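One file, run-v9.txt, carrying compact mmCIF, C-alpha atoms:
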```txt
# COMPACT_ATOMS: atom_id res chain seq x y z
CA MET D 1 0.00 0.00 0.00
CA ASN D 2 2.73 2.45 -0.89
CA ARG D 3 0.96 4.39 -3.67
CA LEU D 4 -2.75 4.62 -4.43
CA HIS D 5 -4.43 6.15 -7.47
CA VAL D 6 -7.41 8.37 -6.61
CA ALA D 7 -9.75 9.20 -9.50
CA ASP D 8 -11.52 12.31 -8.17
CA ALA D 9 -12.58 14.31 -5.10
CA ALA D 10 -15.26 11.78 -4.14
CA ALA D 11 -12.67 9.01 -4.22
CA MET D 12 -10.29 11.14 -2.13
CA GLU D 13 -13.04 11.60 0.49
CA ALA D 14 -13.70 7.86 0.43
CA LEU D 15 -9.99 7.24 0.95
CA GLY D 16 -10.14 9.53 3.98
CA GLY D 17 -13.19 7.65 5.24
CA ALA D 18 -11.25 4.39 5.08
CA LEU D 19 -8.41 6.00 7.04
CA ALA D 20 -10.96 7.10 9.65
CA GLY D 21 -11.80 3.45 10.21
CA ALA D 22 -8.19 2.79 11.20
CA LEU D 23 -8.24 5.87 13.48
CA ARG D 24 -11.36 4.89 15.43
CA ASN D 25 -9.65 3.85 18.65
CA THR D 26 -6.32 5.60 18.45
CA GLY D 27 -4.74 8.97 18.00
CA ALA D 28 -2.11 9.72 15.39
CA VAL D 29 -0.08 12.45 13.77
CA VAL D 30 -0.28 12.51 9.97
CA TYR D 31 1.83 14.82 7.82
CA LEU D 32 0.25 15.81 4.50
CA ARG D 33 2.63 16.84 1.76
CA GLY D 34 1.86 17.90 -1.78
CA ASP D 35 1.23 20.85 -4.03
CA LEU D 36 -1.64 23.29 -3.65
CA GLY D 37 -4.84 21.66 -4.85
CA ALA D 38 -3.55 18.10 -4.46
CA GLY D 39 -6.50 17.08 -2.25
CA LYS D 40 -5.10 17.35 1.27
CA THR D 41 -8.17 19.08 2.73
CA THR D 42 -10.50 16.76 0.80
CA LEU D 43 -8.76 13.76 2.36
CA VAL D 44 -9.14 15.25 5.86
CA ARG D 45 -12.80 16.02 5.14
CA GLY D 46 -13.26 12.30 4.41
CA VAL D 47 -11.54 11.41 7.68
CA ALA D 48 -13.80 13.83 9.56
CA ARG D 49 -16.93 12.39 7.97
CA GLY D 50 -15.70 8.87 8.68
CA LEU D 51 -15.21 9.78 12.34
CA GLY D 52 -18.80 11.05 12.52
CA ILE D 53 -18.25 14.80 12.31
CA GLN D 54 -21.33 16.51 10.93
CA GLY D 55 -21.56 20.01 9.53
CA ARG D 56 -18.98 21.99 7.66
CA VAL D 57 -15.38 20.79 7.59
CA ARG D 58 -13.36 23.89 6.77
CA SER D 59 -9.95 24.30 5.24
CA PRO D 60 -7.57 25.84 7.79
CA THR D 61 -5.83 27.90 5.12
CA TYR D 62 -6.53 31.21 6.89
CA THR D 63 -7.25 30.07 10.46
CA LEU D 64 -4.16 27.78 10.46
CA VAL D 65 -5.93 25.25 12.70
CA GLU D 66 -9.43 23.78 12.82
CA GLY D 67 -10.51 21.48 15.63
CA TYR D 68 -13.42 19.05 15.84
CA GLU D 69 -14.63 17.29 18.97
CA LEU D 70 -14.83 13.53 18.95
CA PRO D 71 -16.25 11.28 21.67
CA ASP D 72 -12.72 10.10 22.53
CA GLY D 73 -10.50 13.09 21.71
CA MET D 74 -10.14 15.70 19.00
CA LEU D 75 -9.47 15.89 15.29
CA TYR D 76 -7.13 18.75 14.46
CA HIS D 77 -6.33 19.93 10.95
CA LEU D 78 -3.44 22.38 10.59
CA ASP D 79 -2.30 24.24 7.48
CA LEU D 80 1.18 25.68 7.97
CA TYR D 81 1.53 27.14 4.46
CA ARG D 82 1.09 30.74 5.68
CA LEU D 83 3.16 30.25 8.81
CA SER D 84 5.85 32.87 9.10
CA GLY D 85 7.96 31.04 11.67
CA ALA D 86 8.10 28.22 14.19
CA GLY D 87 7.28 30.64 17.00
CA GLU D 88 3.73 30.86 15.70
CA LEU D 89 3.25 27.18 16.54
CA GLU D 90 3.43 27.98 20.24
CA PHE D 91 0.77 30.65 19.68
CA LEU D 92 -1.39 27.99 18.02
CA GLY D 93 -1.03 25.76 21.08
CA ILE D 94 0.91 22.99 19.35
CA ARG D 95 1.76 21.31 22.68
CA GLU D 96 -1.94 20.97 23.52
CA LEU D 97 -2.48 18.95 20.34
CA GLU D 98 -0.09 16.23 21.46
CA SER D 99 -2.47 13.86 23.19
CA PRO D 100 -2.50 10.12 22.49
CA ASP D 101 -6.24 10.39 21.73
CA ASN D 102 -6.02 13.23 19.20
CA ARG D 103 -5.93 12.79 15.45
CA VAL D 104 -3.68 15.54 14.09
CA PHE D 105 -3.34 16.21 10.36
CA ILE D 106 -0.66 18.73 9.40
CA GLU D 107 -0.44 20.23 5.92
CA TRP D 108 2.91 21.69 4.88
CA PRO D 109 4.96 20.29 7.80
CA GLU D 110 8.15 21.14 5.93
CA ARG D 111 7.48 24.83 6.73
CA VAL D 112 8.71 24.08 10.28
CA ALA D 113 12.08 22.35 10.22
CA ASP D 114 13.23 22.85 13.79
CA GLY D 115 11.62 19.80 15.43
CA THR D 116 8.76 21.80 16.95
CA LEU D 117 6.08 19.62 15.38
CA PRO D 118 5.02 16.34 16.93
CA ALA D 119 6.62 13.38 15.17
CA ALA D 120 4.59 11.86 12.34
CA ASP D 121 3.12 8.37 12.51
CA LEU D 122 2.24 8.55 8.81
CA VAL D 123 3.49 10.79 6.02
CA LEU D 124 1.21 11.10 3.00
CA LEU D 125 2.37 12.63 -0.26
CA LEU D 126 -0.47 13.73 -2.53
CA GLU D 127 0.37 14.37 -6.19
CA THR D 128 -1.40 14.84 -9.49
CA ASP D 129 -1.55 11.60 -11.44
CA GLY D 130 -2.98 12.02 -14.92
CA GLU D 131 -6.61 13.09 -14.49
CA GLY D 132 -6.65 12.14 -10.80
CA ARG D 133 -4.32 12.08 -7.85
CA ALA D 134 -1.90 9.64 -6.27
CA VAL D 135 -1.34 9.19 -2.55
CA SER D 136 1.95 7.72 -1.36
CA ILE D 137 1.99 6.40 2.21
CA GLN D 138 5.00 6.11 4.47
CA ALA D 139 4.65 4.70 7.98
CA MET D 140 7.15 6.32 10.34
CA THR D 141 6.36 4.54 13.63
CA ALA D 142 4.96 1.25 14.90
CA ARG D 143 1.61 3.01 15.33
CA GLY D 144 1.91 4.26 11.77
CA ARG D 145 2.47 0.72 10.51
CA ARG D 146 -0.64 -0.47 12.40
CA LEU D 147 -2.65 2.44 10.95
CA ALA D 148 -1.44 1.71 7.41
CA ALA D 149 -2.39 -1.96 7.82
CA GLY D 150 -5.83 -1.04 9.20
CA TRP D 151 -6.30 1.47 6.39
CA GLN D 152 -5.43 -1.21 3.83
CA ALA D 153 -7.94 -3.59 5.43
CA GLY D 154 -10.61 -0.86 5.30
CA LEU D 155 -9.92 -0.22 1.63
CA THR D 156 -10.17 -3.94 0.92
CA GLU D 157 -13.53 -4.12 2.71
CA LYS D 158 -14.83 -1.07 0.84
CA SER D 159 -13.75 -2.51 -2.50
CA LYS D 160 -15.53 -5.77 -1.64
CA ALA D 161 -18.65 -3.68 -0.96
CA GLY D 162 -18.31 -2.00 -4.36
CA VAL D 163 -16.83 1.31 -3.23
```
Same coordinates, now as structure tokens:
Amino acid sequence: MNRLHVADAAAMEALGGALAGALRNTGAVVYLRGDLGAGKTTLVRGVARGLGIQGRVRSPTYTLVEGYELPDGMLYHLDLYRLSGAGELEFLGIRELESPDNRVFIEWPERVADGTLPAADLVLLLETDGEGRAVSIQAMTARGRRLAAGWQAGLTEKSKAGV
């Protein structure tokens, strides 16, 4: 499960929904890398929907961080593209995000290179791939390997169901 082809936005949301299944009983830190418009927010929207979040799931492009309450923690979505320095992370409350029950998705983690960010369990690279997108997955920790395996199982189940 190193590289997946994603046909369109609906498929990207479905991919996020499958990842949500793996995140049901655990927290994680996921770095999202890729060009503008690659589908990072769409993927997180799918995760949010898969975790039961209703209502609008906003892009954190201007707010830098959006948080959503879950029964067993929080889902945080950060966009560091407009970050002017690592010092702003403290202002955003980055330390408060580091809970074993939180699901933290960080777009543009490369904007902060000084080790301020929590370590990633998964790193996802989203790229254009012909008419669609491709998502490359790299597990960075033991928890990341478990998440990737659970995600793969969820995708297999969805494909059996015709998704």
Option closest in space to D:Ala22, from D:Arg3, D:Arg58, D:Leu51, D:Trp108 [counting all atoms listed in the file]: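 Of the candidates, the smallest distance to D:Ala22 is held by D:Leu51.
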Which polymer residues, whether protein, DNA or RNA, lie within 12 Å of the coordinate (1.8, 19.6, 15.2) when you count only C-alpha atoms? List them as a VMD selection string, using the chain letters and numbers from the file. chain D and resid 28 to 32 64 to 65 75 to 80 86 88 to 99 102 to 121
Put those residues in a file: C-alpha atoms, as a PDB file, in the frame of the given file.
```
ATOM      1  CA  ALA D  28      -2.110   9.720  15.390  1.00  0.00           C
ATOM      2  CA  VAL D  29      -0.080  12.450  13.770  1.00  0.00           C
ATOM      3  CA  VAL D  30      -0.280  12.510   9.970  1.00  0.00           C
ATOM      4  CA  TYR D  31       1.830  14.820   7.820  1.00  0.00           C
ATOM      5  CA  LEU D  32       0.250  15.810   4.500  1.00  0.00           C
ATOM      6  CA  LEU D  64      -4.160  27.780  10.460  1.00  0.00           C
ATOM      7  CA  VAL D  65      -5.930  25.250  12.700  1.00  0.00           C
ATOM      8  CA  LEU D  75      -9.470  15.890  15.290  1.00  0.00           C
ATOM      9  CA  TYR D  76      -7.130  18.750  14.460  1.00  0.00           C
ATOM     10  CA  HIS D  77      -6.330  19.930  10.950  1.00  0.00           C
ATOM     11  CA  LEU D  78      -3.440  22.380  10.590  1.00  0.00           C
ATOM     12  CA  ASP D  79      -2.300  24.240   7.480  1.00  0.00           C
ATOM     13  CA  LEU D  80       1.180  25.680   7.970  1.00  0.00           C
ATOM     14  CA  ALA D  86       8.100  28.220  14.190  1.00  0.00           C
ATOM     15  CA  GLU D  88       3.730  30.860  15.700  1.00  0.00           C
ATOM     16  CA  LEU D  89       3.250  27.180  16.540  1.00  0.00           C
ATOM     17  CA  GLU D  90       3.430  27.980  20.240  1.00  0.00           C
ATOM     18  CA  PHE D  91       0.770  30.650  19.680  1.00  0.00           C
ATOM     19  CA  LEU D  92      -1.390  27.990  18.020  1.00  0.00           C
ATOM     20  CA  GLY D  93      -1.030  25.760  21.080  1.00  0.00           C
ATOM     21  CA  ILE D  94       0.910  22.990  19.350  1.00  0.00           C
ATOM     22  CA  ARG D  95       1.760  21.310  22.680  1.00  0.00           C
ATOM     23  CA  GLU D  96      -1.940  20.970  23.520  1.00  0.00           C
ATOM     24  CA  LEU D  97      -2.480  18.950  20.340  1.00  0.00           C
ATOM     25  CA  GLU D  98      -0.090  16.230  21.460  1.00  0.00           C
ATOM     26  CA  SER D  99      -2.470  13.860  23.190  1.00  0.00           C
ATOM     27  CA  ASN D 102      -6.020  13.230  19.200  1.00  0.00           C
ATOM     28  CA  ARG D 103      -5.930  12.790  15.450  1.00  0.00           C
ATOM     29  CA  VAL D 104      -3.680  15.540  14.090  1.00  0.00           C
ATOM     30  CA  PHE D 105      -3.340  16.210  10.360  1.00  0.00           C
ATOM     31  CA  ILE D 106      -0.660  18.730   9.400  1.00  0.00           C
ATOM     32  CA  GLU D 107      -0.440  20.230   5.920  1.00  0.00           C
ATOM     33  CA  TRP D 108       2.910  21.690   4.880  1.00  0.00           C
ATOM     34  CA  PRO D 109       4.960  20.290   7.800  1.00  0.00           C
ATOM     35  CA  GLU D 110       8.150  21.140   5.930  1.00  0.00           C
ATOM     36  CA  ARG D 111       7.480  24.830   6.730  1.00  0.00           C
ATOM     37  CA  VAL D 112       8.710  24.080  10.280  1.00  0.00           C
ATOM     38  CA  ALA D 113      12.080  22.350  10.220  1.00  0.00           C
ATOM     39  CA  ASP D 114      13.230  22.850  13.790  1.00  0.00           C
ATOM     40  CA  GLY D 115      11.620  19.800  15.430  1.00  0.00           C
ATOM     41  CA  THR D 116       8.760  21.800  16.950  1.00  0.00           C
ATOM     42  CA  LEU D 117       6.080  19.620  15.380  1.00  0.00           C
ATOM     43  CA  PRO D 118       5.020  16.340  16.930  1.00  0.00           C
ATOM     44  CA  ALA D 119       6.620  13.380  15.170  1.00  0.00           C
ATOM     45  CA  ALA D 120       4.590  11.860  12.340  1.00  0.00           C
ATOM     46  CA  ASP D 121       3.120   8.370  12.510  1.00  0.00           C
TER      47      ASP D 121
END
```
Axis-aligned box for stretch 27-33 of chain D, 5 Å per side, centre and edges in Å as AutoDock Vina command-line options:
```
--center_x -1.1 --center_y 12.9 --center_z 9.9 --size_x 17.4 --size_y 17.9 --size_z 26.2
```
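Compared by their closest atoms to D:Glu69, and using all atoms listed in the file, the residues D:Asp101, D:Gly154, D:Ala38, D:Arg133 rank with D:Asp101 nearest.
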By how many Å are atom CA of D:Pro100 and atom CA of D:Ala9 apart?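 Those two atoms sit 29.7 Å apart.
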Per-residue nearest contacts stretch 39-96 of chain D to stretch 125-132 of chain D, cut-off 10 Å, using only C-alpha atoms, as a tab-separated table:
```
residue	atom	partner	partner_atom	distance
D:Gly39	CA	D:Leu126	CA	6.9
D:Lys40	CA	D:Leu126	CA	7.0
D:Leu43	CA	D:Leu126	CA	9.6
```
Would you output that residue set with C-alpha atoms, as a PDB file, keeping the file's coordinate frame?
```pdb
ATOM      1  CA  GLY D  39      -6.500  17.080  -2.250  1.00  0.00           C
ATOM      2  CA  LYS D  40      -5.100  17.350   1.270  1.00  0.00           C
ATOM      3  CA  LEU D  43      -8.760  13.760   2.360  1.00  0.00           C
TER       4      LEU D  43
END
```
Counting all atoms listed in the file, give me one row per residue of stretch 33-136 of chain D with an atom at most 8 Å from an atom of stretch 12-20 of chain D, showing the shortest contact pair and its distance in Å to one decimal, sorted by chain then residue number, as a Markdown table.
```
| residue | atom | partner | partner_atom | distance |
| --- | --- | --- | --- | --- |
| D:Gly39 | CA | D:Met12 | CA | 7.0 |
| D:Thr42 | CA | D:Glu13 | CA | 5.8 |
| D:Leu43 | CA | D:Gly16 | CA | 4.7 |
| D:Val44 | CA | D:Gly16 | CA | 6.1 |
| D:Arg45 | CA | D:Glu13 | CA | 6.4 |
| D:Gly46 | CA | D:Glu13 | CA | 4.0 |
| D:Val47 | CA | D:Gly16 | CA | 4.4 |
| D:Ala48 | CA | D:Ala20 | CA | 7.3 |
| D:Arg49 | CA | D:Gly17 | CA | 6.6 |
| D:Gly50 | CA | D:Gly17 | CA | 4.4 |
| D:Leu51 | CA | D:Ala20 | CA | 5.7 |
```
When you draw a straight line from atom CA of D:Gly52 to atom CA of D:Met140, how long is it in Å?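 Computing the Euclidean distance for atom CA of D:Gly52 and atom CA of D:Met140 yields 26.5 Å.
Here atom CA of D:Leu155 is placed at a distance of 21.9 Å from atom CA of D:Gly34.
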Would you kindly return, as a PDB file with C-alpha atoms, in the frame of the given file, each protein, DNA or RNA residue with an atom no farther than 12 Å from any atom of D:Ala149, considering all atoms listed in the file and excluding same-chain residues fewer than 4 positions away?
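What follows is the written file selection.pdb:
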```pdb
ATOM      1  CA  MET D   1       0.000   0.000   0.000  1.00  0.00           C
ATOM      2  CA  ASN D   2       2.730   2.450  -0.890  1.00  0.00           C
ATOM      3  CA  ALA D  18     -11.250   4.390   5.080  1.00  0.00           C
ATOM      4  CA  LEU D  19      -8.410   6.000   7.040  1.00  0.00           C
ATOM      5  CA  GLY D  21     -11.800   3.450  10.210  1.00  0.00           C
ATOM      6  CA  ALA D  22      -8.190   2.790  11.200  1.00  0.00           C
ATOM      7  CA  LEU D  23      -8.240   5.870  13.480  1.00  0.00           C
ATOM      8  CA  LEU D 122       2.240   8.550   8.810  1.00  0.00           C
ATOM      9  CA  ILE D 137       1.990   6.400   2.210  1.00  0.00           C
ATOM     10  CA  GLN D 138       5.000   6.110   4.470  1.00  0.00           C
ATOM     11  CA  ALA D 139       4.650   4.700   7.980  1.00  0.00           C
ATOM     12  CA  ALA D 142       4.960   1.250  14.900  1.00  0.00           C
ATOM     13  CA  ARG D 143       1.610   3.010  15.330  1.00  0.00           C
ATOM     14  CA  GLY D 144       1.910   4.260  11.770  1.00  0.00           C
ATOM     15  CA  ARG D 145       2.470   0.720  10.510  1.00  0.00           C
ATOM     16  CA  ALA D 153      -7.940  -3.590   5.430  1.00  0.00           C
ATOM     17  CA  GLY D 154     -10.610  -0.860   5.300  1.00  0.00           C
ATOM     18  CA  LEU D 155      -9.920  -0.220   1.630  1.00  0.00           C
ATOM     19  CA  THR D 156     -10.170  -3.940   0.920  1.00  0.00           C
TER      20      THR D 156
END
```
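The nearest approach to D:Ser136 among the residues D:Gln152, D:His5, D:Asp72, D:Leu36, with all atoms listed in the file taken into account, belongs to D:His5.
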Selected residue, from D:Trp151, D:Tyr68, D:Gly37, D:Met74, that lies nearest to D:Gly55 when counting all atoms listed in the file: D:Tyr68
Could you check which of D:Arg33, D:Ile53, D:Ala10, D:Thr26 is closest to D:Leu124, using all atoms listed in the file?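 Selected residue with least distance to D:Leu124: D:Arg33.
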